[in-house]
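Participant: One structure is given below, represented as structure tokens, and several questions about it will come after.
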4 protein chains.
Amino acid sequence: MTVVLGKKIRIGILGASGYTGAELVRLLSRHPRAEIVLMTADSHAGEPYDQVFPHLGGLDLPGLVKLDEVEWAGVEVDVVFCGLPHGTTQEIISGLLHTTHHSVIDEVLHEGPGDAAAAIRGAPRVIDLSADFRLDSTATYAEWYGHEHYAPDLQAEAVYGLTETARERLPGARLVACPGCYPTVAILPLAPLLAAGMIAPEDIIIDAKSGITGAGRGAKQANLFSEVSEGIHAYGIGQHRHGPEIEQELSKAFGDDLTVAFTPHLVPMNRGILATSYVRLAGETSVEDLRDCLWERYEQEPFVRVVAEGVAPATRHVRGANHCLIGVFPSRLPDRAIIVSVIDNLVKGASGQAVQNMNVMYNLDERMGLEQEALFP
Amino acid sequence: MTVVLGKKIRIGILGASGYTGAELVRLLSRHPRAEIVLMTADSHAGEPYDQVFPHLGGLDLPGLVKLDEVEWAGVEVDVVFCGLPHGTTQEIISGLLHTTHHSVIDEVLHEGPGDAAAAIRGAPRVIDLSADFRLDSTATYAEWYGHEHYAPDLQAEAVYGLTETARERLPGARLVACPGCYPTVAILPLAPLLAAGMIAPEDIIIDAKSGITGAGRGAKQANLFSEVSEGIHAYGIGQHRHGPEIEQELSKAFGDDLTVAFTPHLVPMNRGILATSYVRLAGETSVEDLRDCLWERYEQEPFVRVVAEGVAPATRHVRGANHCLIGVFPSRLPDRAIIVSVIDNLVKGASGQAVQNMNVMYNLDERMGLEQEALFP
Amino acid sequence: MTVVLGKKIRIGILGASGYTGAELVRLLSRHPRAEIVLMTADSHAGEPYDQVFPHLGGLDLPGLVKLDEVEWAGVEVDVVFCGLPHGTTQEIISGLLHTTHHSVIDEVLHEGPGDAAAAIRGAPRVIDLSADFRLDSTATYAEWYGHEHYAPDLQAEAVYGLTETARERLPGARLVACPGCYPTVAILPLAPLLAAGMIAPEDIIIDAKSGITGAGRGAKQANLFSEVSEGIHAYGIGQHRHGPEIEQELSKAFGDDLTVAFTPHLVPMNRGILATSYVRLAGETSVEDLRDCLWERYEQEPFVRVVAEGVAPATRHVRGANHCLIGVFPSRLPDRAIIVSVIDNLVKGASGQAVQNMNVMYNLDERMGLEQEALFP
Amino acid sequence: MTVVLGKKIRIGILGASGYTGAELVRLLSRHPRAEIVLMTADSHAGEPYDQVFPHLGGLDLPGLVKLDEVEWAGVEVDVVFCGLPHGTTQEIISGLLHTTHHSVIDEVLHEGPGDAAAAIRGAPRVIDLSADFRLDSTATYAEWYGHEHYAPDLQAEAVYGLTETARERLPGARLVACPGCYPTVAILPLAPLLAAGMIAPEDIIIDAKSGITGAGRGAKQANLFSEVSEGIHAYGIGQHRHGPEIEQELSKAFGDDLTVAFTPHLVPMNRGILATSYVRLAGETSVEDLRDCLWERYEQEPFVRVVAEGVAPATRHVRGANHCLIGVFPSRLPDRAIIVSVIDNLVKGASGQAVQNMNVMYNLDERMGLEQEALFP
């Protein structure tokens with residue numbers, strides 16, 4: 001439902017020189033209702049964007065500027081996508097949401113849901129792709145990220161933006177915290193099953209395998225081609241920061257606190273995460289019940305697909321696309337099931353979901369700008 | 001310039017289970033003026049398409065049928081894309097172009113260029129992706145493909161579909177032979193320079209490097225992951241069938257017969273071809289002259305881009321996109337230059353160019369369905 | 001302890017054109033006590049070996065012959081390594097062990113353990129790399145492999161050749177069934193813990209990730225570079241034939257029947273398997289207890305290494321080497337632990353372990369021919 | 001020919017934390033006459049080596065120390081392998097060769113060639129893997145490396161260590177400059193042909209393709225997995241520093257100054273370089289003449305192999321091995337030929353050749369420590 005025909009949402013992208021930034025540009029540049037008007041990249045300020053990302057050459061984009069040098073008063077931006085490193089985002093967004101910038105589009109688009117319009121008028125809305133606002137508990141945040149939260153008030157306000165569960169809160173949201181890539185691929189299949197009481201909460205094991213773009217574009221020896229090609233390893237075993245994020249959301253779905261075993265692995269591929277989740281069936285639940293539950297839950301969802309019995313989802317089936325595929329399998333262990341789910345970590349696990357959230361925030365067709373098929377091979 | 005607003009071109013894809021078939025489906029499924037109405041795949045007839053290519057699950061596509069079992073009389077098809085193995089295509093297309101199928105869209109779309117309309121009315125137009133109609137000389141064909149040409153009359157009629165050079169002949173074409181992937185990446189930079197007399201015709205060396213999708217989806221030991229990953233090798237040295245095709249088109253551009261050294265290599269990547277061409281400057285020509293010549297030639301082209309001095313094109317800059325990038329460099333050898341050009345072999349080197357040709361054939365915006373950005377990483 | 005100084009063991013390799021065959025040649029060609037005297041490869045008979053595997057060019061090897069055409073009576077072979085496809089091996093080995101071939105080396109080497117010498121004199125000893133003799137129960141074999149066992153008597157005799165557990169039975173063995181690659185990487189860490197009663201037998205989850213050489217050199221579409229690069233998927237979920245093999249050996253270690261959840265995944269790399277095993281601690285056992293148990297068990301083993309606390313083993317640490325690395329980690333789930341183990345599937349998971357077994361069978365230094373370091377990157 | 005039976009050469013490795021350093025350790029740890037007694041790595045001083053390179057865990061190695069902190073007076077080192085970054089090496093080696101360290105082994109080994117022994121007694125001999133001493137002309141050095149040479153006297157003394165051409169000068173050498181990886185793969189096939197007057201000196205084009213380990217282990221964005229996988233690009237076109245090095249050696253072989261076109265490309269693989277060289281035949285020379293010339297030249301060489309007509313060398317045939325394979329092919333251009341050569345850039349292109357040089361320097365069997373087969377897949 002588009003209210004203002006032809007009117008475009010003016011987009012700012014903070015941190016446009018990272019992979020999620022490039023992915024936002026790729027998606028938004030073909031989004032019929034989006035217009036990128038601002039892009040920051042501190043270490044590349046002044047460079048043409050196609051020097052930073054030559055694959056996006058040919059687009060008509062604004063120049064890269066330093067974040068510090070943005071004069072917010074003079075920029076008309078409706079939505080800011082924030083792809084900055086973890087830890088730096090809280091103060092920046094805190095500052096941003098107190099600017100007096102005036103977004104005309106919000107006024108118009110939100111004439112319907114008036115309260116929301118009032119709340120967000122005057123400053124750009126923020127869709128954050130960092131981890132800074134994902135954890136509801138600032139204590140948990142401090143424990144896992146090593147410092148006190150810098151903007152606890154905004155944390156309380158932030159909407160956890162797994163689109164499929166946040167859809168009602170998004171239209172009125174001023175600050176959306178997009179989920180991590182691992183949480184996205186883990187929560188989508190498990191949350192409905194916990195909510196339905198179909199799986200035991202105390203015995204959830206998530207073995208996840210990710211491509212290397214998840215580690216970002218920073219120059220680290222550990223991510224050199226020669227270090228990660230032709231091999232696989234686990235990392236952050238029992239200690240990865242996406243663990244508490246997964247637990248938070250699964251606990252909400254279940255209705256009580258739970259803990260999970262979450263083990264990430266690094267796979268020599270660019271894109272994609274596959275999660276193999278080992279669950280214990282609750283009560284009389286069967287494997288078919290799980291599949292039916294997920295099927296019903298996601299039947300109407302444009303980007304989540306429960307595959308047929310016996311089909312094993314592969315990350316290459318969603319490369320470049322915003323889809324999550326889910327397969328449900330029996331285990332040789334009695335009373336257990338195995339769930340395989342896949343996403344592209346840069347799309348549904350980051351920038352694609354961010355755009356999906358934007359679409360919902362502005363009452364646009366949720367699929368807008370996200371309809372291209374996966375690229376295979 | 002679209003004549004019939006909203007009217008869709010009805011598409012048949014022969015050989016839909018190969019990589020070029022899948023790529024056609026990927027591109028055409030988002031093409032606003034195309035509708036896929038027929039897909040054949042002999043070895044997969046009866047299977048749902050998303051079993052053959054799960055990454056395209058979710059599309060609303062016709063079922064796969066055997067080519068032999070298509071009842072052409074009862075099918076309304078405007079254009080047939082033919083992605084069958086080399087050698088089998090001549091007879092099939094020969095039969096096809098004598099059917100009495102009636103394409104309404106052609107009548108309407110081509111009211112303008114009347115002669116063309118007359119020529120093509122009554123049978124689907126054919127865009128062939130095989131090598132069967134690329135060589136003008138049936139003698140050359142027989143020499144390189146090991147048998148007499150089965151449809152010499154159609155060979156005479158076929159338009160060699162390098163869109164950038166074929167644009168005037170395409171609207172009236174009944175049969176278009178899309179160039180090979182290697183010829184596309186080699187001809188685009190070299191033909192204008194030969195036509196302008198800027199490079200010597202007797203001393204052209206084309207060292208090309210291709211991804212592995214160029215070898216198709218057939219089960220061959222030589223293309224197993226374990227055989228081709230983590231290494232590079234040359235193949236068909238001095239004997240590859242794309243050699244005479246390149247020579248044919250460069251000879252046309254130059255105005256006289258010429259021979260080239262063409263060496264293909266296999267690189268452990270899915271998509272992309274990079275050609276490094278070593279040329280000798282003619283007369284007083286400078287390296288800058290070459291760049292200027294190409295720049296002027298391609299300035300208005302939507303899919304060919306001459307990059308700035310010093311920029312080295314990479315295949316990953318065009319992954320999934322229909323672009324060809326060209327860079328021109330000085331050599332340490334006096335009076336010589338080095339030209340680097342890249343394409344995605346499955347897009348500009350095959351299915352993308354085929355769609356581009358279709359757009360020109362139907363007077364559509366040439367970019368229709370081909371506008372998505374490259375996918376990187 | 002070498003009895004006959006300088007005397008070489010004469011080796012036959014059946015199925016030398018597969019990856020495990022090539023790996024045997026690689027290892028045995030530098031083994032100071034081995035001499036390859038016979039190599040079969042039905043589809044490549046008559047070809048020089050360096051045409052089949054150019055990376056082994058320069059070795060002085062016997063010509064490839066068809067298996068049917070070997071005249072066993074005239075060939076002096078002490079040990080036959082059998083790398084034939086599953087299902088074909090039982091009859092071939094059955095025939096082989098009834099030949100009247102006379103192995104001089106066995107007589108001499110085994111003067112000490114006289115009974116063994118008597119048992120094996122007269123026919124070559126067989127080290128089988130197929131799955132044909134791994135399952136003790138012929139009923140289980142029939143269930144998982146789809147046909148009755150063709151040589152149940154030999155099955156009863158065959159020694160399951162996980163060297164670390166079979167060391168005492170190997171010197172007298174006439175037929176050794178080398179473990180599968182997945183079982184090797186799973187059993188080595190888990191068997192000692194079950195034997196010590198440190199982990200619960202009813203709750204073992206093994207999530208394994210393998211490189212693609214494990215699928216062999218046969219021409220299959222599913223293993224093409226373009227099909228498996230840049231992605232990961234699970235396969236045979238709950239149904240892989242290595243599941244019952246793992247269960248058999250872990251049951252032996254535990255002392256009673258147990259079932260495991262075993263999920264293999266295919267990773268875009270040539271070599272390596274990583275297993276992430278999720279176990280429940282028994283009684284008062286701690287994670288440190290597990291590590292200590294494994295440390296003690298493998299301290300004297302030349303090819304199994306328990307890594308330090310906090311170190312995550314990676315497959316690239318053992319590429320080309322015969323080692324198994326094991327790491328033990330706490331889980332966020334209480335009373336649970338995570339064990340990560342890695343091998344090179346072609347070495348410790350196949351040909352390397354086969355050579356290790358041969359060394360033990362002939363009282364040679366177990367490390368002979370297996371001492372080269374891993375190749376990284 | 002080993003003079004002192006069992007006596008080991010005491011080795012120091014400067015820069016042991018890079019890939020060439022690790023490769024030296026891999027090769028020398030199994031070299032029967034080598035003993036590693038010193039290893040420096042400034043950024044990893046104090047760490048156990050298996051933390052820096054876990055794939056070499058299990059070796060008994062000296063601890064890593066800072067280069068500055070080595071007390072040369074107290075260390076008994078016969079040979080120093082220097083794998084330090086370009087530009088830093090000249091001063092270090094200059095200092096090193098004036099120490100008063102006394103190498104007993106040299107005295108004994110070199111009783112025969114007395115003059116050499118006198119020259120080198122008293123300081124370790126140096127085998128340098130950097131580019132610092134490769135260019136005979138200090139003016140050329142200054143032009144390409146941007147600063148004056150810091151040790152012009154040592155430059156005059158240094159032996160350019162392409163083993164196959166340096167064999168006579170190596171036994172008396174105090175300082176050996178190992179060739180670059182690209183020069184090695186280019187010079188081996190081309191130098192004999194130029195020396196024989198079989199190819200034209202003014203028209204040599206070398207199109208080279210390298211794996212990514214050639215770029216070293218430094219943390220650079222350009223070498224991240226996500227930046228270089230799934231694509232190919234050329235770099236340093238006409239400007240790579242290995243160009244003048246190739247020209248220097250080919251000029252020596254030809255007997256007069258010549259210039260070449262040299263274009264390196266980066267291929268998504270760890271190891272290997274393939275050079276496709278395009279040459280013009282001189283006079284009446286035929287392609288067969290070229291092959292014969294190379295065959296004769298290298299027939300007795302342990303590490304250079306001219307492959308049979310029609311066989312295309314691949315980098316994976318030499319992965320991990322010290323071999324160079326060379327194939328000669330006709331071109332479609334008259335009077336031209338195409339030569340394909342391959343090496344493993346870390347072995348024959350760096351550390352393997354360095355060990356080969358050491359073997360010659362000490363009159364050992366040239367193959368010692370270098371005999372393992374290539375690792376494939």
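In the structure tokens, each chain is lettered A, B, ... as it comes, each chain's residues begin at 1, and ligands are numbered from 1 in order of appearance.
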Which residues, written as number ranges by chain, have at least one atom at most 9 Å from Ile237 (chain D), with only C-alpha atoms counted and residues fewer than 4 positions away on the same chain left out?

Facilitator: B: 310, 312, 329-331, 338; D: 261-265

Participant: Could you work out which residues of chain B fall inside 12 Å of chain C? Count only C-alpha atoms, and format the result as a PyMOL selection string.

Facilitator: chain B and resi 17-19+52-55+211-231+266-271+377

Participant: DSSP on the backbone: what in region 18-147 of chain B comes out alpha helix (DSSP H), as a PyMOL selection string?

Facilitator: chain B and resi 19-28+49-52+89-96+104-109+114-120+138-145

Participant: Could the residues in this selection be saved with C-alpha atoms as a PDB file, in the first residue's frame?

Facilitator:
ATOM      1  CA  TYR B  19      23.058 -23.353 -16.788  1.00  0.00           C
ATOM      2  CA  THR B  20      22.151 -21.053 -19.664  1.00  0.00           C
ATOM      3  CA  GLY B  21      18.568 -22.284 -19.390  1.00  0.00           C
ATOM      4  CA  ALA B  22      18.458 -21.469 -15.696  1.00  0.00           C
ATOM      5  CA  GLU B  23      19.975 -18.095 -16.371  1.00  0.00           C
ATOM      6  CA  LEU B  24      17.310 -17.364 -18.975  1.00  0.00           C
ATOM      7  CA  VAL B  25      14.659 -18.270 -16.436  1.00  0.00           C
ATOM      8  CA  ARG B  26      16.289 -16.058 -13.818  1.00  0.00           C
ATOM      9  CA  LEU B  27      16.362 -13.069 -16.137  1.00  0.00           C
ATOM     10  CA  LEU B  28      13.084 -13.558 -17.958  1.00  0.00           C
ATOM     11  CA  TYR B  49      11.652 -26.996 -12.165  1.00  0.00           C
ATOM     12  CA  ASP B  50      12.643 -26.228  -8.608  1.00  0.00           C
ATOM     13  CA  GLN B  51      13.832 -29.790  -8.281  1.00  0.00           C
ATOM     14  CA  VAL B  52      16.211 -29.194 -11.176  1.00  0.00           C
ATOM     15  CA  THR B  89      20.229 -27.550 -32.832  1.00  0.00           C
ATOM     16  CA  GLN B  90      20.322 -27.220 -36.580  1.00  0.00           C
ATOM     17  CA  GLU B  91      17.699 -29.820 -37.329  1.00  0.00           C
ATOM     18  CA  ILE B  92      15.470 -28.781 -34.482  1.00  0.00           C
ATOM     19  CA  ILE B  93      15.442 -25.154 -35.474  1.00  0.00           C
ATOM     20  CA  SER B  94      15.026 -26.080 -39.084  1.00  0.00           C
ATOM     21  CA  GLY B  95      11.872 -27.937 -38.188  1.00  0.00           C
ATOM     22  CA  LEU B  96      10.698 -25.203 -35.894  1.00  0.00           C
ATOM     23  CA  VAL B 104       0.023 -12.429 -32.763  1.00  0.00           C
ATOM     24  CA  ILE B 105       2.510 -10.280 -30.975  1.00  0.00           C
ATOM     25  CA  ASP B 106       4.795 -10.133 -33.959  1.00  0.00           C
ATOM     26  CA  GLU B 107       2.072  -8.877 -36.164  1.00  0.00           C
ATOM     27  CA  VAL B 108       1.280  -6.078 -33.855  1.00  0.00           C
ATOM     28  CA  LEU B 109       4.752  -5.150 -32.745  1.00  0.00           C
ATOM     29  CA  GLY B 114       6.516  -4.169 -42.393  1.00  0.00           C
ATOM     30  CA  ASP B 115       8.847  -6.317 -44.395  1.00  0.00           C
ATOM     31  CA  ALA B 116      10.285  -7.849 -41.313  1.00  0.00           C
ATOM     32  CA  ALA B 117       6.852  -8.608 -39.982  1.00  0.00           C
ATOM     33  CA  ALA B 118       5.983 -10.449 -43.149  1.00  0.00           C
ATOM     34  CA  ALA B 119       9.102 -12.479 -42.968  1.00  0.00           C
ATOM     35  CA  ILE B 120       8.643 -13.727 -39.507  1.00  0.00           C
ATOM     36  CA  THR B 138      29.583 -23.888 -43.648  1.00  0.00           C
ATOM     37  CA  ALA B 139      32.981 -25.128 -44.736  1.00  0.00           C
ATOM     38  CA  THR B 140      34.569 -23.656 -41.638  1.00  0.00           C
ATOM     39  CA  TYR B 141      31.747 -25.154 -39.621  1.00  0.00           C
ATOM     40  CA  ALA B 142      32.398 -28.600 -41.063  1.00  0.00           C
ATOM     41  CA  GLU B 143      36.117 -28.280 -40.419  1.00  0.00           C
ATOM     42  CA  TRP B 144      35.743 -27.366 -36.758  1.00  0.00           C
ATOM     43  CA  TYR B 145      32.633 -29.294 -35.784  1.00  0.00           C
TER      44      TYR B 145
END

Participant: Rounded to one decimal place, report the CA of Pro62 (chain A)-CA of Ile36 (chain A) distance in Å.

Facilitator: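 Calculated distance between CA of Pro62 (chain A) and CA of Ile36 (chain A) is 7.3 Å.
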
Participant: Pick the closest to Thr259 (chain A) from A:Ile206, A:Val185, A:Ile343, A:Val287: which is it, counting only C-alpha atoms?

Facilitator: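 Answer, going by the shortest atom-to-atom distance: A:Ile206.
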